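Raw contents of structure_15.csv, CSV, C-alpha atoms:
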```csv
chain,number,residue,atom,x,y,z
G,97,MET,CA,203.9,86.7,148.8
G,98,ASP,CA,206.5,86.6,146.0
G,99,ALA,CA,209.3,89.1,145.8
G,100,LEU,CA,207.8,91.2,143.0
G,101,THR,CA,204.4,91.6,144.7
G,102,ALA,CA,206.2,92.6,147.9
G,103,THR,CA,208.3,95.2,146.1
G,104,LEU,CA,205.3,96.8,144.4
G,105,ALA,CA,203.5,96.8,147.8
G,106,LEU,CA,206.4,98.5,149.6
G,107,LEU,CA,206.8,101.1,146.8
G,108,ARG,CA,203.1,101.8,147.1
G,109,LEU,CA,203.5,102.8,150.8
G,110,GLU,CA,202.9,106.5,151.2
G,111,GLY,CA,206.2,108.5,151.3
G,112,ILE,CA,208.4,105.7,150.0
G,113,GLY,CA,210.6,106.7,147.1
G,114,PRO,CA,213.7,105.0,145.6
G,115,ALA,CA,216.1,106.4,148.2
G,116,LEU,CA,214.1,105.2,151.2
G,117,TYR,CA,213.2,101.9,149.5
G,118,TRP,CA,216.9,101.1,149.2
G,119,GLN,CA,217.7,102.2,152.8
G,120,LEU,CA,215.0,99.7,153.9
G,121,LEU,CA,216.3,96.9,151.8
G,122,GLU,CA,219.9,97.5,153.0
G,123,HIS,CA,218.7,97.4,156.6
G,124,PHE,CA,216.1,94.6,156.5
G,125,GLY,CA,217.2,92.5,153.5
G,126,SER,CA,214.0,92.3,151.5
G,127,ALA,CA,210.8,94.2,150.7
G,128,ALA,CA,208.7,91.5,152.4
G,129,ALA,CA,210.8,91.8,155.6
G,130,ALA,CA,210.5,95.6,155.6
G,131,LEU,CA,206.7,95.4,155.4
G,132,GLU,CA,206.7,93.4,158.6
G,133,GLN,CA,208.6,96.0,160.6
G,134,PRO,CA,207.0,98.2,163.2
G,135,PRO,CA,206.8,101.9,162.2
G,136,GLU,CA,209.5,102.9,164.7
G,137,HIS,CA,212.1,100.8,162.9
G,138,PHE,CA,211.8,103.0,159.8
G,139,SER,CA,214.6,105.6,159.5
G,140,ARG,CA,212.1,108.4,158.8
G,141,LYS,CA,208.8,109.2,160.4
G,142,LEU,CA,206.1,107.8,158.2
G,143,PRO,CA,203.0,109.9,157.2
G,144,ASP,CA,199.7,109.0,158.9
G,145,ARG,CA,198.4,107.3,155.8
G,146,ALA,CA,201.5,105.1,155.5
G,147,LEU,CA,201.1,104.1,159.2
G,148,ALA,CA,197.6,103.0,158.5
G,149,GLN,CA,198.6,101.1,155.3
G,150,LEU,CA,201.4,99.3,157.2
G,151,ALA,CA,199.2,98.4,160.1
G,152,GLU,CA,196.5,97.0,157.7
G,153,TYR,CA,199.1,95.0,155.8
G,154,GLN,CA,200.5,93.5,158.9
G,155,ARG,CA,197.0,92.6,160.1
G,156,ILE,CA,195.5,91.1,156.9
G,157,GLY,CA,198.4,90.8,154.4
G,158,LEU,CA,197.4,90.7,150.7
G,159,GLU,CA,193.8,91.5,151.5
G,160,GLY,CA,194.7,95.0,152.6
G,161,GLU,CA,195.2,98.1,150.4
G,162,LEU,CA,198.9,97.5,149.6
G,163,GLY,CA,198.5,93.9,148.7
G,164,GLN,CA,195.3,94.5,146.6
G,165,TRP,CA,197.0,97.3,144.7
G,166,ALA,CA,200.1,95.3,144.0
G,167,GLN,CA,198.1,92.3,142.6
G,168,ALA,CA,195.9,94.7,140.6
G,169,GLU,CA,198.9,96.4,139.1
G,170,ARG,CA,200.3,93.1,138.0
G,171,ASP,CA,197.0,92.2,136.4
G,172,ARG,CA,196.9,95.6,134.6
G,173,CYS,CA,200.4,95.1,133.2
G,174,HIS,CA,199.5,91.6,132.0
G,175,ASN,CA,196.4,92.9,130.3
G,176,ARG,CA,198.3,95.7,128.6
G,177,ALA,CA,201.3,93.6,127.5
G,178,VAL,CA,203.6,95.5,129.9
G,179,THR,CA,206.5,93.5,131.3
G,180,LEU,CA,207.7,94.0,134.9
G,181,LEU,CA,211.4,93.6,135.5
G,182,GLU,CA,212.5,93.4,139.1
G,183,TRP,CA,216.0,94.5,140.1
G,184,GLY,CA,218.2,91.4,140.4
G,185,GLY,CA,215.8,89.3,138.4
G,186,SER,CA,215.9,87.9,134.9
G,187,GLY,CA,216.0,90.5,132.1
G,188,TYR,CA,216.8,93.5,134.2
G,189,PRO,CA,219.5,95.5,132.3
G,190,PRO,CA,222.9,94.7,133.8
G,191,LEU,CA,224.3,98.2,133.4
G,192,LEU,CA,221.3,99.8,135.1
G,193,GLN,CA,221.6,97.3,137.9
G,194,GLU,CA,225.0,98.7,138.8
G,195,ILE,CA,224.0,102.3,139.4
G,196,HIS,CA,223.4,103.9,142.8
G,197,ARG,CA,219.9,103.1,143.9
G,198,PRO,CA,218.5,101.8,140.6
G,199,PRO,CA,214.8,101.5,139.9
G,200,PRO,CA,213.5,98.6,142.0
G,201,VAL,CA,211.0,97.8,139.2
G,202,LEU,CA,211.0,98.6,135.5
G,203,TYR,CA,207.8,98.8,133.4
G,204,VAL,CA,208.5,97.8,129.8
G,205,ARG,CA,206.4,98.0,126.7
G,206,GLY,CA,207.8,96.5,123.5
G,207,ASP,CA,210.7,94.1,122.9
G,208,VAL,CA,212.4,93.5,126.3
G,209,ASP,CA,215.4,92.0,124.4
G,210,THR,CA,216.2,95.4,123.0
G,211,LEU,CA,217.4,96.4,126.5
G,212,ALA,CA,220.2,93.9,126.2
G,213,ILE,CA,221.7,95.6,123.1
G,214,PRO,CA,224.6,98.0,123.9
G,215,GLN,CA,223.0,101.5,124.2
G,216,ILE,CA,224.2,105.0,123.5
G,217,ALA,CA,222.1,107.8,125.0
G,218,VAL,CA,221.5,110.9,122.9
G,219,VAL,CA,220.1,113.9,124.7
G,220,GLY,CA,219.8,117.7,124.2
G,221,ALA,CA,217.6,120.7,124.1
G,222,ARG,CA,213.9,120.6,123.4
G,223,ARG,CA,214.2,123.9,121.4
G,224,ALA,CA,217.2,122.8,119.5
G,225,SER,CA,218.5,124.6,116.4
G,226,GLN,CA,218.0,122.9,113.0
G,227,GLY,CA,221.7,122.0,113.1
G,228,GLY,CA,221.3,120.4,116.5
G,229,LEU,CA,218.3,118.3,115.2
G,230,ASP,CA,220.3,117.3,112.2
G,231,ASN,CA,223.3,116.2,114.3
G,232,ALA,CA,221.0,114.2,116.6
G,233,ARG,CA,219.5,112.4,113.6
G,234,ALA,CA,222.8,111.8,111.8
G,235,PHE,CA,224.7,110.5,114.9
G,236,SER,CA,221.8,108.3,116.0
G,237,SER,CA,221.3,107.0,112.5
G,238,ASP,CA,225.1,106.1,112.1
G,239,LEU,CA,225.3,104.5,115.6
G,240,ALA,CA,222.0,102.6,115.2
G,241,ALA,CA,223.1,101.3,111.8
G,242,ALA,CA,226.3,100.0,113.5
G,243,GLY,CA,224.3,98.0,116.0
G,244,PHE,CA,223.9,100.3,119.0
G,245,ALA,CA,220.4,100.9,120.4
G,246,ILE,CA,219.7,104.7,120.8
G,247,THR,CA,218.3,105.7,124.1
G,248,SER,CA,216.6,109.0,124.9
G,249,GLY,CA,213.6,110.5,126.6
G,250,LEU,CA,210.9,110.9,123.9
G,251,ALA,CA,210.9,114.7,124.5
G,252,LEU,CA,210.5,117.2,121.8
G,253,GLY,CA,213.6,118.5,120.1
G,254,VAL,CA,216.8,116.4,120.3
G,255,ASP,CA,215.2,113.4,121.9
G,256,GLY,CA,212.7,113.0,119.2
G,257,ALA,CA,215.3,113.5,116.5
G,258,ALA,CA,217.5,110.9,118.1
G,259,HIS,CA,214.7,108.3,118.1
G,260,SER,CA,213.8,109.2,114.5
G,261,GLY,CA,217.4,108.9,113.3
G,262,ALA,CA,217.6,105.4,114.8
G,263,LEU,CA,214.4,104.4,113.1
G,264,LYS,CA,215.5,105.8,109.8
G,265,ALA,CA,218.5,103.5,109.9
G,266,GLY,CA,216.4,100.5,110.7
G,267,GLY,CA,217.9,100.3,114.2
G,268,LYS,CA,216.5,99.9,117.7
G,269,THR,CA,215.7,102.7,120.1
G,270,VAL,CA,214.7,102.9,123.7
G,271,ALA,CA,212.4,105.7,125.1
G,272,VAL,CA,212.6,106.3,128.8
G,273,LEU,CA,209.5,108.1,130.2
G,274,GLY,CA,208.8,110.4,133.2
G,275,THR,CA,205.3,109.0,133.2
G,276,GLY,CA,203.7,105.6,133.3
G,277,VAL,CA,204.3,103.7,130.1
G,278,ASP,CA,200.6,104.0,129.3
G,279,ARG,CA,200.7,107.8,129.5
G,280,LEU,CA,202.8,108.9,126.6
G,281,TYR,CA,204.1,112.4,126.9
G,282,PRO,CA,204.3,114.8,125.1
G,283,ARG,CA,201.2,114.0,123.1
G,284,ARG,CA,202.9,115.3,120.0
G,285,ASN,CA,205.3,112.3,120.1
G,286,VAL,CA,202.6,109.6,120.4
G,287,LYS,CA,203.0,108.6,116.8
G,288,LEU,CA,206.8,108.4,117.3
G,289,ALA,CA,206.3,106.2,120.3
G,290,GLU,CA,204.1,103.9,118.2
G,291,GLU,CA,206.8,103.7,115.5
G,292,ILE,CA,209.3,102.8,118.2
G,293,LEU,CA,207.2,99.9,119.3
G,294,ASP,CA,206.3,98.8,115.8
G,295,SER,CA,210.0,98.7,114.9
G,296,GLY,CA,210.9,96.4,117.8
G,297,GLY,CA,212.0,99.1,120.2
G,298,THR,CA,211.2,99.6,123.8
G,299,ILE,CA,209.4,102.1,126.1
G,300,VAL,CA,210.5,102.1,129.7
G,301,SER,CA,209.5,103.7,133.0
G,302,GLU,CA,210.0,103.0,136.7
G,303,LEU,CA,206.6,104.7,137.5
G,304,PRO,CA,203.3,102.9,138.0
G,305,LEU,CA,200.7,102.7,135.2
G,306,GLY,CA,198.7,105.9,134.9
G,307,THR,CA,201.4,108.2,136.4
G,308,ALA,CA,200.9,111.7,134.9
G,309,PRO,CA,203.8,113.9,133.8
G,310,GLU,CA,205.1,115.8,136.9
G,311,ALA,CA,208.2,117.9,137.1
G,312,GLY,CA,209.8,115.8,139.8
G,313,ASN,CA,209.6,112.6,137.7
G,314,PHE,CA,212.0,113.8,135.0
G,315,PRO,CA,215.3,114.0,137.0
G,316,ARG,CA,214.6,110.4,138.1
G,317,ARG,CA,214.0,109.5,134.5
G,318,ASN,CA,217.4,111.0,133.5
G,319,ARG,CA,219.4,108.7,135.7
G,320,ILE,CA,217.8,105.7,133.9
G,321,ILE,CA,218.7,107.1,130.5
G,322,SER,CA,222.3,107.4,131.5
G,323,GLY,CA,222.3,104.2,133.6
G,324,LEU,CA,221.1,102.0,130.6
G,325,SER,CA,223.8,103.3,128.4
G,326,LEU,CA,227.5,102.8,127.7
G,327,GLY,CA,227.8,106.5,127.1
G,328,VAL,CA,225.8,109.7,126.7
G,329,LEU,CA,226.1,112.0,123.7
G,330,LEU,CA,225.2,115.7,124.5
G,331,VAL,CA,224.1,117.4,121.3
G,332,GLU,CA,222.9,120.9,122.4
G,333,ALA,CA,222.1,122.1,125.9
G,334,ALA,CA,221.9,125.2,128.0
G,335,VAL,CA,224.1,125.3,131.1
G,336,ARG,CA,221.0,124.8,133.3
G,337,SER,CA,219.0,122.0,131.6
G,338,GLY,CA,217.8,118.5,132.1
G,339,SER,CA,220.1,117.3,129.4
G,340,LEU,CA,223.1,118.5,131.4
G,341,ILE,CA,221.8,116.7,134.5
G,342,THR,CA,221.8,113.5,132.4
G,343,ALA,CA,225.4,114.1,131.4
G,344,ARG,CA,226.5,114.8,135.0
G,345,LEU,CA,224.7,111.7,136.2
G,346,ALA,CA,226.5,109.7,133.5
G,347,LEU,CA,229.8,110.9,134.9
G,348,GLU,CA,228.7,109.9,138.4
G,349,GLN,CA,227.8,106.4,137.0
G,350,ASN,CA,231.2,106.1,135.4
G,351,ARG,CA,229.7,106.2,131.9
G,352,GLU,CA,231.4,107.9,129.0
G,353,VAL,CA,230.2,111.4,128.1
G,354,PHE,CA,230.5,112.9,124.6
G,355,ALA,CA,229.7,116.4,123.5
G,356,ILE,CA,229.3,118.1,120.1
G,357,PRO,CA,230.9,121.5,120.1
G,358,GLY,CA,229.2,124.5,118.6
G,359,SER,CA,229.6,128.3,118.1
G,360,ILE,CA,230.6,130.3,121.1
G,361,HIS,CA,227.7,132.6,120.2
G,362,ASN,CA,225.1,129.9,120.4
G,363,PRO,CA,223.6,129.7,123.9
G,364,LEU,CA,222.7,126.0,123.3
G,365,ALA,CA,226.4,125.2,122.8
G,366,ARG,CA,227.4,126.4,126.2
G,367,GLY,CA,226.2,123.2,128.0
G,368,CYS,CA,228.3,121.1,125.6
G,369,HIS,CA,231.3,123.3,126.1
G,370,HIS,CA,230.9,123.2,129.9
G,371,MET,CA,230.8,119.4,129.9
G,372,ILE,CA,233.9,119.3,127.6
G,373,LYS,CA,235.7,121.4,130.3
G,374,GLN,CA,234.5,118.9,132.8
G,375,GLY,CA,236.1,116.0,130.9
G,376,ALA,CA,233.5,115.0,128.3
G,377,ALA,CA,235.1,113.9,125.0
G,378,LEU,CA,234.7,116.4,122.1
G,379,VAL,CA,233.2,114.5,119.1
G,380,GLU,CA,232.8,115.5,115.5
G,381,ALA,CA,231.6,112.2,114.0
G,382,SER,CA,230.0,109.0,115.2
G,383,THR,CA,233.4,107.2,114.7
G,384,ASP,CA,234.8,109.4,117.5
G,385,ILE,CA,232.4,107.8,119.9
G,386,VAL,CA,233.1,104.2,118.8
G,387,THR,CA,236.9,104.8,119.0
G,388,HIS,CA,236.6,106.3,122.4
G,389,LEU,CA,234.6,103.4,123.7
G,390,GLY,CA,237.5,101.2,122.7
G,391,GLY,CA,235.7,98.6,120.8
G,392,ALA,CA,232.9,97.7,123.1
G,393,LEU,CA,231.4,95.9,120.2
G,394,ALA,CA,233.7,93.9,118.0
G,395,GLY,CA,233.9,95.4,114.5
G,396,VAL,CA,231.6,98.3,115.3
G,397,ALA,CA,234.1,101.0,114.3
G,398,GLN,CA,234.6,99.6,110.9
G,399,GLN,CA,230.8,99.3,110.4
G,400,VAL,CA,230.3,102.9,111.5
G,401,GLU,CA,233.1,104.2,109.2
G,402,LEU,CA,231.5,102.5,106.2
G,403,PHE,CA,228.1,103.9,107.1
G,404,VAL,CA,229.4,107.5,107.7
G,405,GLY,CA,231.4,107.3,104.5
G,406,SER,CA,228.2,106.6,102.5
G,407,THR,CA,226.5,109.7,104.0
G,408,GLN,CA,229.3,112.2,103.4
G,409,ALA,CA,229.4,112.3,99.7
G,410,SER,CA,229.6,115.8,98.4
G,411,THR,CA,226.8,117.4,96.5
G,412,MET,CA,228.0,119.7,93.7
G,413,LEU,CA,227.0,123.3,94.2
G,414,PRO,CA,227.4,126.3,91.9
G,415,ARG,CA,230.5,128.3,92.7
G,416,GLU,CA,228.6,131.3,94.1
G,417,LEU,CA,226.8,129.1,96.6
G,418,GLN,CA,229.9,127.2,97.5
G,419,ARG,CA,231.6,130.5,98.4
G,420,ILE,CA,228.8,131.2,100.9
G,421,VAL,CA,229.1,127.8,102.5
G,422,GLN,CA,232.8,128.3,102.9
G,423,SER,CA,232.2,131.7,104.4
G,424,ILE,CA,229.9,130.4,107.1
G,425,ALA,CA,232.2,127.4,108.0
G,426,GLY,CA,233.0,127.2,111.7
G,427,ASP,CA,230.8,129.9,113.3
G,428,ILE,CA,227.7,132.0,113.0
G,429,ARG,CA,228.2,134.7,110.4
G,430,THR,CA,226.1,137.9,109.9
G,431,ILE,CA,224.8,139.0,106.5
G,432,GLU,CA,227.4,141.8,106.5
G,433,GLN,CA,230.3,139.3,107.2
G,434,ILE,CA,229.2,136.9,104.5
G,435,ALA,CA,228.8,139.8,102.0
G,436,GLY,CA,232.3,141.0,102.9
G,437,ASP,CA,233.7,137.5,102.3
G,438,THR,CA,231.9,136.8,99.0
G,439,GLY,CA,231.5,140.3,97.5
G,440,ASP,CA,227.8,139.6,96.8
G,441,GLU,CA,225.2,142.3,96.9
G,442,ALA,CA,222.5,142.1,99.5
G,443,GLY,CA,219.6,141.0,97.2
G,444,ALA,CA,221.6,138.3,95.5
G,445,LEU,CA,223.0,137.1,98.8
G,446,MET,CA,219.6,136.8,100.4
G,447,SER,CA,218.4,134.8,97.4
G,448,ALA,CA,221.4,132.5,97.6
G,449,LEU,CA,221.0,132.0,101.3
G,450,LEU,CA,217.4,131.0,100.8
G,451,GLN,CA,218.4,128.4,98.2
G,452,LEU,CA,221.0,127.0,100.7
G,453,GLU,CA,218.4,127.0,103.5
G,454,LEU,CA,215.9,125.1,101.3
G,455,GLN,CA,218.6,122.5,100.5
G,456,GLY,CA,219.2,122.0,104.3
G,457,LEU,CA,222.8,123.3,104.2
G,458,VAL,CA,222.4,126.5,106.3
G,459,GLU,CA,220.0,127.8,108.9
G,460,PRO,CA,219.2,131.3,110.1
G,461,LEU,CA,219.8,132.2,113.8
G,462,ALA,CA,219.3,135.4,115.7
G,463,GLY,CA,222.8,136.5,115.0
G,464,GLY,CA,223.1,135.5,111.4
G,465,TYR,CA,223.5,132.1,109.7
G,466,GLN,CA,225.3,128.8,110.5
G,467,LEU,CA,225.9,125.5,108.7
G,468,THR,CA,223.6,122.6,109.5
G,469,ALA,CA,225.1,119.2,110.0
G,470,GLN,CA,224.4,118.4,106.3
G,471,GLY,CA,226.1,121.6,105.4
G,472,ALA,CA,229.2,120.7,107.5
G,473,LYS,CA,229.3,117.3,105.8
G,474,HIS,CA,229.1,118.9,102.4
G,475,LEU,CA,232.0,121.2,103.3
G,476,ALA,CA,234.0,118.3,104.6
G,477,GLY,CA,233.3,116.4,101.4
G,478,GLU,CA,234.4,119.3,99.2
G,479,SER,CA,237.7,119.6,101.2
G,480,GLU,CA,238.5,115.9,100.7
G,481,ASN,CA,237.8,116.1,97.0
G,482,ARG,CA,240.2,118.9,96.4
```

Serialized structure, structure tokens:
Amino acid sequence: MDALTATLALLRLEGIGPALYWQLLEHFGSAAAALEQPPEHFSRKLPDRALAQLAEYQRIGLEGELGQWAQAERDRCHNRAVTLLEWGGSGYPPLLQEIHRPPPVLYVRGDVDTLAIPQIAVVGARRASQGGLDNARAFSSDLAAAGFAITSGLALGVDGAAHSGALKAGGKTVAVLGTGVDRLYPRRNVKLAEEILDSGGTIVSELPLGTAPEAGNFPRRNRIISGLSLGVLLVEAAVRSGSLITARLALEQNREVFAIPGSIHNPLARGCHHMIKQGAALVEASTDIVTHLGGALAGVAQQVELFVGSTQASTMLPRELQRIVQSIAGDIRTIEQIAGDTGDEAGALMSALLQLELQGLVEPLAGGYQLTAQGAKHLAGESENR
């Protein structure tokens, strides 16, 4: 039995997860050797089904349930153009290989070579604000145009915006799933997943084909997102969220963590502010990320600056609209506060705010209005042109 088949068979043993798998390998040296051990040599008591599986394997080898499943899984992957990458083998991502108890096997759809490109993970809230979505797209687009692959989890919200931003720039993006690579989830992002594959990107999971979305799979998925990447960018997140788990895992894996600050009144900014207090780097532009990484790619900083410069050109606004943009700068502002700053009457102000919203420069929130990423860029461009 070759090493990959033995690994798949051991992982199929009832009750064996990544933690116990690595304990067995550290103790016995290989998956094949672990499968030959009597049950009492295992550090944990095995369930009855696992005892039966192990006894059958030791009696008839590949003809038993474990061996048959491992061989069938390899055949299924071959038939569906899914590549299996074994830890320590050719093509397994070097950064991921370094983390504590990495995935023993990766299932990969798409271009395996994309996993060799330096990656930046972009993560955040599923129910992000429009400004958060804009930031995810803009940062991902800038970084992808500069040569980074953008890695995220294909979830709704920030994840989807990050993948879309990378695609818009003609770059590569990697989607890490909490399901089998043949069970795309959520269904609303199936079209996005197809675009990722069509563009030369990659879809990755450590879970067997056919695995359904279960809550326990997603924290495991998060360690892969951070483990593949040089750094993790947190766009918007509540204090208790999967995105914050990814950022914490990144710190444990000695990866860089970046966070975009927001209004103190925005609950989705609190996770970012929490991570900044924990040592994450506060970033306002994609160039901040490249500078902080210290030139992980030769010449990337210059490329990103050129790209960002091209996206920050100011669009001329009528003076009355420009006054409103300046009033909202920096924080969420109520209608009353904006009216006090600009002197506008309520009817005219609401009409002007609607115009700015349609142009993508401001967005309404529960407490008032804030600038979108495009609005912040416009304001920065106006300041530079004065």

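Note that atom CA of Asp427 of chain G and atom CA of His361 of chain G are 8.0 Å apart.
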
Quick one, how far is atom CA of Ala241 of chain G from atom CA of Leu329 of chain G?
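If I compute the distance from atom CA of Ala241 of chain G to atom CA of Leu329 of chain G, I get 16.3 Å.
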
Taking 6 positions as the minimum chain separation for residues in the same chain, which residues sit within 12 Å of Ala333 of chain G when counting only C-alpha atoms? Answer as a VMD selection string.
chain G and resid 218 to 225 228 to 229 253 to 255 339 to 343 355 to 358 362 to 371

Please identify all polymer residues within 12 Å of Ala177 of chain G, counting only C-alpha atoms, omitting same-chain residues fewer than 4 positions from it, and present them as a compact mmCIF listing (two decimals) with C-alpha atoms, in the frame of the given file.
```txt
# COMPACT_ATOMS: atom_id res chain seq x y z
CA ARG G 170 200.30 93.10 138.00
CA ASP G 171 197.00 92.20 136.40
CA ARG G 172 196.90 95.60 134.60
CA CYS G 173 200.40 95.10 133.20
CA TYR G 203 207.80 98.80 133.40
CA VAL G 204 208.50 97.80 129.80
CA ARG G 205 206.40 98.00 126.70
CA GLY G 206 207.80 96.50 123.50
CA ASP G 207 210.70 94.10 122.90
CA VAL G 208 212.40 93.50 126.30
CA VAL G 277 204.30 103.70 130.10
CA ASP G 278 200.60 104.00 129.30
CA LEU G 293 207.20 99.90 119.30
CA ILE G 299 209.40 102.10 126.10
CA LEU G 305 200.70 102.70 135.20
```

Using only C-alpha atoms, pick whichever of G:Ser382, G:Leu475, G:Leu445, G:Ile292 has the shortest atom-to-atom distance to Gln418 of chain G.
G:Leu475

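You will find atom CA of Ala212 of chain G at 22.5 Å from atom CA of Pro304 of chain G.
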
Taking into account only C-alpha atoms, which residue in the set G:Val286, G:Ala127, G:Leu121, G:Ile385 is nearest to Asp238 of chain G?
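Nearest to Asp238 of chain G: G:Ile385.
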
Distance query Glu310 of chain G at most 12 Å, all atoms listed in the file, self and fewer than 6 positions along chain excluded, as a PyMOL selection string
chain G and resi 273-276+279+281-282+303+316-317

Nearest to Glu332 of chain G by atom-to-atom distance, counting all atoms listed in the file, from G:Gly157, G:Gly443, G:Pro315, G:Gly227
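Of G:Gly157, G:Gly443, G:Pro315, G:Gly227, the one nearest Glu332 of chain G, counting all atoms listed in the file, is G:Gly227.
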
I'd like the contact shell of Ala265 of chain G - 12 Å cut-off, all atoms listed in the file, skipping same-chain residues fewer than 3 positions apart - returned as a ChimeraX atom specification.
/G:233-246,258-262,268-269,295,400,403-404,407

Who sits within 12 Å of Leu417 of chain G, all atoms listed in the file, same chain under 5 positions skipped, as a compact mmCIF listing (two decimals) with C-alpha atoms, in the frame of the given file:
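Result file is result33.txt:
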```txt
# COMPACT_ATOMS: atom_id res chain seq x y z
CA THR G 411 226.80 117.40 96.50
CA MET G 412 228.00 119.70 93.70
CA GLN G 422 232.80 128.30 102.90
CA SER G 423 232.20 131.70 104.40
CA ILE G 424 229.90 130.40 107.10
CA ILE G 434 229.20 136.90 104.50
CA THR G 438 231.90 136.80 99.00
CA ASP G 440 227.80 139.60 96.80
CA ALA G 444 221.60 138.30 95.50
CA LEU G 445 223.00 137.10 98.80
CA MET G 446 219.60 136.80 100.40
CA SER G 447 218.40 134.80 97.40
CA ALA G 448 221.40 132.50 97.60
CA LEU G 449 221.00 132.00 101.30
CA LEU G 450 217.40 131.00 100.80
CA GLN G 451 218.40 128.40 98.20
CA LEU G 452 221.00 127.00 100.70
CA GLU G 453 218.40 127.00 103.50
CA GLN G 455 218.60 122.50 100.50
CA LEU G 457 222.80 123.30 104.20
CA VAL G 458 222.40 126.50 106.30
CA GLY G 471 226.10 121.60 105.40
CA HIS G 474 229.10 118.90 102.40
CA LEU G 475 232.00 121.20 103.30
```

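Among the candidates G:Gly477, G:Gly111, G:Gly296, G:Gly306, the one nearest to Gly267 of chain G when counting only C-alpha atoms is G:Gly296.
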
Nearest to Ala217 of chain G, chosen from G:Ser186, G:Ser248, G:Thr298, G:Gln154, with all atoms listed in the file counted in the distances
G:Ser248

Given all atoms listed in the file as the counted atoms, nearest of G:Asp230, G:Ala129, G:Ala105, G:Asp384 to Glu459 of chain G:
G:Asp230
